[in-house]
Amino acid sequence: MARHTPHPDQLPLNWSDNEAIEIIVEQRLAERFEAESFQWRFRLVMIETVMMGLLVLVAGLFLEQPTMMVLRASLIIAASCLATGLLLLSLSAGTAKLMTRLRRRRGQ
């Protein structure tokens, strides 16, 4: 079996230290996924907010309640859902950063 010789302009890679390369790749993936997890959680909070607001709106209109009262209740429910979701999201992000700092400190 013939060995492939790389092009002279190509960056030579030393694959003999696979464990170090795997650790670097895992660290980069963990950082990327942590950053993306905030965005996904925010999307879920927004979807939940819209769904709760629409649920109250549709139920109120279906039960033939006064329109302004239903709109007001729908907005209050959506606003409270958004506020609690953002509070939970910020607490979750803060806890994740704190845990990361503690792990780094313990590792040193």
# chains A, B, ... in the order shown; residues from 1 in each chain; ligands from 1
>>> select_by_dssp(residues="chain A", states="helix (DSSP H, G or I)", output="ChimeraX atom specification")
/A:18-62,67-107
>>> closest_residue(among="A:Gln27, A:Gln10, A:Thr5, A:Thr49", to="A:Leu82", atoms="only C-alpha atoms")
A:Thr49
>>> closest_residue(among="A:Leu75, A:Val56, A:Met46, A:Ile21", to="A:Leu89", atoms="only C-alpha atoms")
A:Met46
>>> residues_around(residues="A:Ala83", least_positions_apart="5", cutoff="12 Å", atoms="only C-alpha atoms", output="list in words")
Phe42, Val45, Met46, Glu48, Thr49, Ile76, Ile77, Ala78, Leu88, Leu89 and Ser90 of chain A
>>> write_last_selection(atoms="all heavy atoms", output="mmCIF file, in the first residue's frame")
data_model
loop_
_atom_site.group_PDB
_atom_site.id
_atom_site.type_symbol
_atom_site.label_atom_id
_atom_site.label_comp_id
_atom_site.auth_asym_id
_atom_site.auth_seq_id
_atom_site.Cartn_x
_atom_site.Cartn_y
_atom_site.Cartn_z
ATOM 1 N N PHE A 42 -33.721 30.355 24.610
ATOM 2 C CA PHE A 42 -34.451 31.590 24.366
ATOM 3 C C PHE A 42 -35.572 31.365 23.358
ATOM 4 O O PHE A 42 -36.684 31.868 23.522
ATOM 5 C CB PHE A 42 -33.498 32.686 23.876
ATOM 6 C CG PHE A 42 -34.166 34.009 23.664
ATOM 7 C CD1 PHE A 42 -34.549 34.780 24.739
ATOM 8 C CD2 PHE A 42 -34.425 34.469 22.385
ATOM 9 C CE1 PHE A 42 -35.180 36.004 24.545
ATOM 10 C CE2 PHE A 42 -35.052 35.682 22.173
ATOM 11 C CZ PHE A 42 -35.429 36.447 23.258
ATOM 12 N N VAL A 45 -38.427 29.709 25.130
ATOM 13 C CA VAL A 45 -39.163 30.661 25.961
ATOM 14 C C VAL A 45 -40.098 31.492 25.098
ATOM 15 O O VAL A 45 -41.265 31.726 25.460
ATOM 16 C CB VAL A 45 -38.192 31.557 26.765
ATOM 17 C CG1 VAL A 45 -38.912 32.744 27.371
ATOM 18 C CG2 VAL A 45 -37.504 30.760 27.847
ATOM 19 N N MET A 46 -39.626 31.935 23.938
ATOM 20 C CA MET A 46 -40.472 32.744 23.055
ATOM 21 C C MET A 46 -41.646 31.928 22.513
ATOM 22 O O MET A 46 -42.776 32.414 22.443
ATOM 23 C CB MET A 46 -39.645 33.323 21.900
ATOM 24 C CG MET A 46 -38.599 34.322 22.342
ATOM 25 S SD MET A 46 -39.240 35.657 23.355
ATOM 26 C CE MET A 46 -40.319 36.468 22.214
ATOM 27 N N GLU A 48 -43.037 29.342 23.957
ATOM 28 C CA GLU A 48 -43.943 29.130 25.085
ATOM 29 C C GLU A 48 -44.778 30.379 25.353
ATOM 30 O O GLU A 48 -45.985 30.291 25.621
ATOM 31 C CB GLU A 48 -43.135 28.768 26.321
ATOM 32 C CG GLU A 48 -43.956 28.586 27.566
ATOM 33 C CD GLU A 48 -43.077 28.390 28.770
ATOM 34 O OE1 GLU A 48 -42.473 29.386 29.220
ATOM 35 O OE2 GLU A 48 -43.010 27.260 29.272
ATOM 36 N N THR A 49 -44.157 31.537 25.261
ATOM 37 C CA THR A 49 -44.867 32.801 25.498
ATOM 38 C C THR A 49 -45.986 32.991 24.483
ATOM 39 O O THR A 49 -47.128 33.311 24.849
ATOM 40 C CB THR A 49 -43.876 33.976 25.427
ATOM 41 O OG1 THR A 49 -42.889 33.809 26.446
ATOM 42 C CG2 THR A 49 -44.565 35.296 25.593
ATOM 43 N N ILE A 76 -51.358 39.882 29.601
ATOM 44 C CA ILE A 76 -50.803 39.694 30.952
ATOM 45 C C ILE A 76 -50.180 38.312 31.083
ATOM 46 O O ILE A 76 -49.075 38.163 31.626
ATOM 47 C CB ILE A 76 -51.895 39.927 32.018
ATOM 48 C CG1 ILE A 76 -52.255 41.409 32.073
ATOM 49 C CG2 ILE A 76 -51.438 39.433 33.387
ATOM 50 C CD1 ILE A 76 -53.449 41.718 32.953
ATOM 51 N N ILE A 77 -50.861 37.303 30.597
ATOM 52 C CA ILE A 77 -50.326 35.934 30.659
ATOM 53 C C ILE A 77 -49.041 35.827 29.844
ATOM 54 O O ILE A 77 -48.043 35.250 30.300
ATOM 55 C CB ILE A 77 -51.368 34.917 30.144
ATOM 56 C CG1 ILE A 77 -52.567 34.867 31.060
ATOM 57 C CG2 ILE A 77 -50.754 33.540 29.958
ATOM 58 C CD1 ILE A 77 -52.292 34.323 32.433
ATOM 59 N N ALA A 78 -49.033 36.379 28.636
ATOM 60 C CA ALA A 78 -47.840 36.312 27.790
ATOM 61 C C ALA A 78 -46.680 37.071 28.428
ATOM 62 O O ALA A 78 -45.540 36.585 28.427
ATOM 63 C CB ALA A 78 -48.143 36.876 26.407
ATOM 64 N N LEU A 88 -35.726 32.504 34.437
ATOM 65 C CA LEU A 88 -35.210 31.141 34.491
ATOM 66 C C LEU A 88 -34.015 30.960 33.553
ATOM 67 O O LEU A 88 -33.022 30.310 33.907
ATOM 68 C CB LEU A 88 -36.311 30.149 34.136
ATOM 69 C CG LEU A 88 -35.971 28.672 34.228
ATOM 70 C CD1 LEU A 88 -35.603 28.313 35.648
ATOM 71 C CD2 LEU A 88 -37.133 27.840 33.751
ATOM 72 N N LEU A 89 -34.090 31.564 32.394
ATOM 73 C CA LEU A 89 -33.007 31.481 31.416
ATOM 74 C C LEU A 89 -31.742 32.145 31.941
ATOM 75 O O LEU A 89 -30.646 31.594 31.836
ATOM 76 C CB LEU A 89 -33.445 32.127 30.112
ATOM 77 C CG LEU A 89 -32.484 32.057 28.937
ATOM 78 C CD1 LEU A 89 -32.252 30.623 28.536
ATOM 79 C CD2 LEU A 89 -33.031 32.845 27.774
ATOM 80 N N SER A 90 -31.880 33.314 32.529
ATOM 81 C CA SER A 90 -30.703 34.014 33.060
ATOM 82 C C SER A 90 -30.118 33.274 34.257
ATOM 83 O O SER A 90 -28.888 33.196 34.408
ATOM 84 C CB SER A 90 -31.052 35.450 33.424
ATOM 85 O OG SER A 90 -32.018 35.482 34.441
#
>>> residues_around(residues="A:Phe38", least_positions_apart="6", cutoff="12 Å", atoms="only C-alpha atoms", output="list in words")
Glu31, Arg32, Leu44, Val45, Leu86, Leu88, Leu89, Ser90, Leu91, Ser92, Ala93, Gly94, Ala96 and Lys97 of chain A
>>> closest_residue(among="A:Ala73, A:Asp9, A:Ile47, A:Leu29", to="A:Leu61", atoms="only C-alpha atoms")
A:Ala73
>>> atom_distance(atom1="atom CA of A:Ala79", atom2="atom CA of A:Gly53")
8.4 Å
>>> atom_distance(atom1="atom CA of A:Gln65", atom2="atom CA of A:Ser80")
21.2 Å
>>> decode(residues="stretch 27-38 of chain A", atoms="N, CA and C atoms", output="CSV table (one decimal), in the first residue's frame")
chain,number,residue,atom,x,y,z
A,27,GLN,N,-13.1,20.4,23.9
A,27,GLN,CA,-13.3,21.7,24.6
A,27,GLN,C,-14.0,22.7,23.6
A,28,ARG,N,-13.6,22.7,22.4
A,28,ARG,CA,-14.2,23.6,21.4
A,28,ARG,C,-15.6,23.3,21.2
A,29,LEU,N,-16.0,22.0,21.1
A,29,LEU,CA,-17.4,21.6,20.9
A,29,LEU,C,-18.2,22.0,22.1
A,30,ALA,N,-17.7,21.8,23.3
A,30,ALA,CA,-18.4,22.2,24.6
A,30,ALA,C,-18.7,23.7,24.6
A,31,GLU,N,-17.7,24.5,24.2
A,31,GLU,CA,-17.9,25.9,24.2
A,31,GLU,C,-19.0,26.3,23.2
A,32,ARG,N,-18.9,25.7,22.0
A,32,ARG,CA,-19.9,26.0,21.0
A,32,ARG,C,-21.3,25.6,21.4
A,33,PHE,N,-21.4,24.4,21.9
A,33,PHE,CA,-22.7,23.9,22.4
A,33,PHE,C,-23.3,24.8,23.5
A,34,GLU,N,-22.4,25.2,24.4
A,34,GLU,CA,-22.9,26.1,25.5
A,34,GLU,C,-23.4,27.4,25.0
A,35,ALA,N,-22.7,28.0,24.0
A,35,ALA,CA,-23.2,29.2,23.4
A,35,ALA,C,-24.5,29.0,22.7
A,36,GLU,N,-24.7,27.9,22.0
A,36,GLU,CA,-25.9,27.7,21.2
A,36,GLU,C,-27.0,27.3,22.1
A,37,SER,N,-26.7,26.7,23.3
A,37,SER,CA,-27.8,26.3,24.2
A,37,SER,C,-28.6,27.5,24.7
A,38,PHE,N,-28.0,28.6,24.9
A,38,PHE,CA,-28.7,29.8,25.3
A,38,PHE,C,-29.7,30.2,24.3
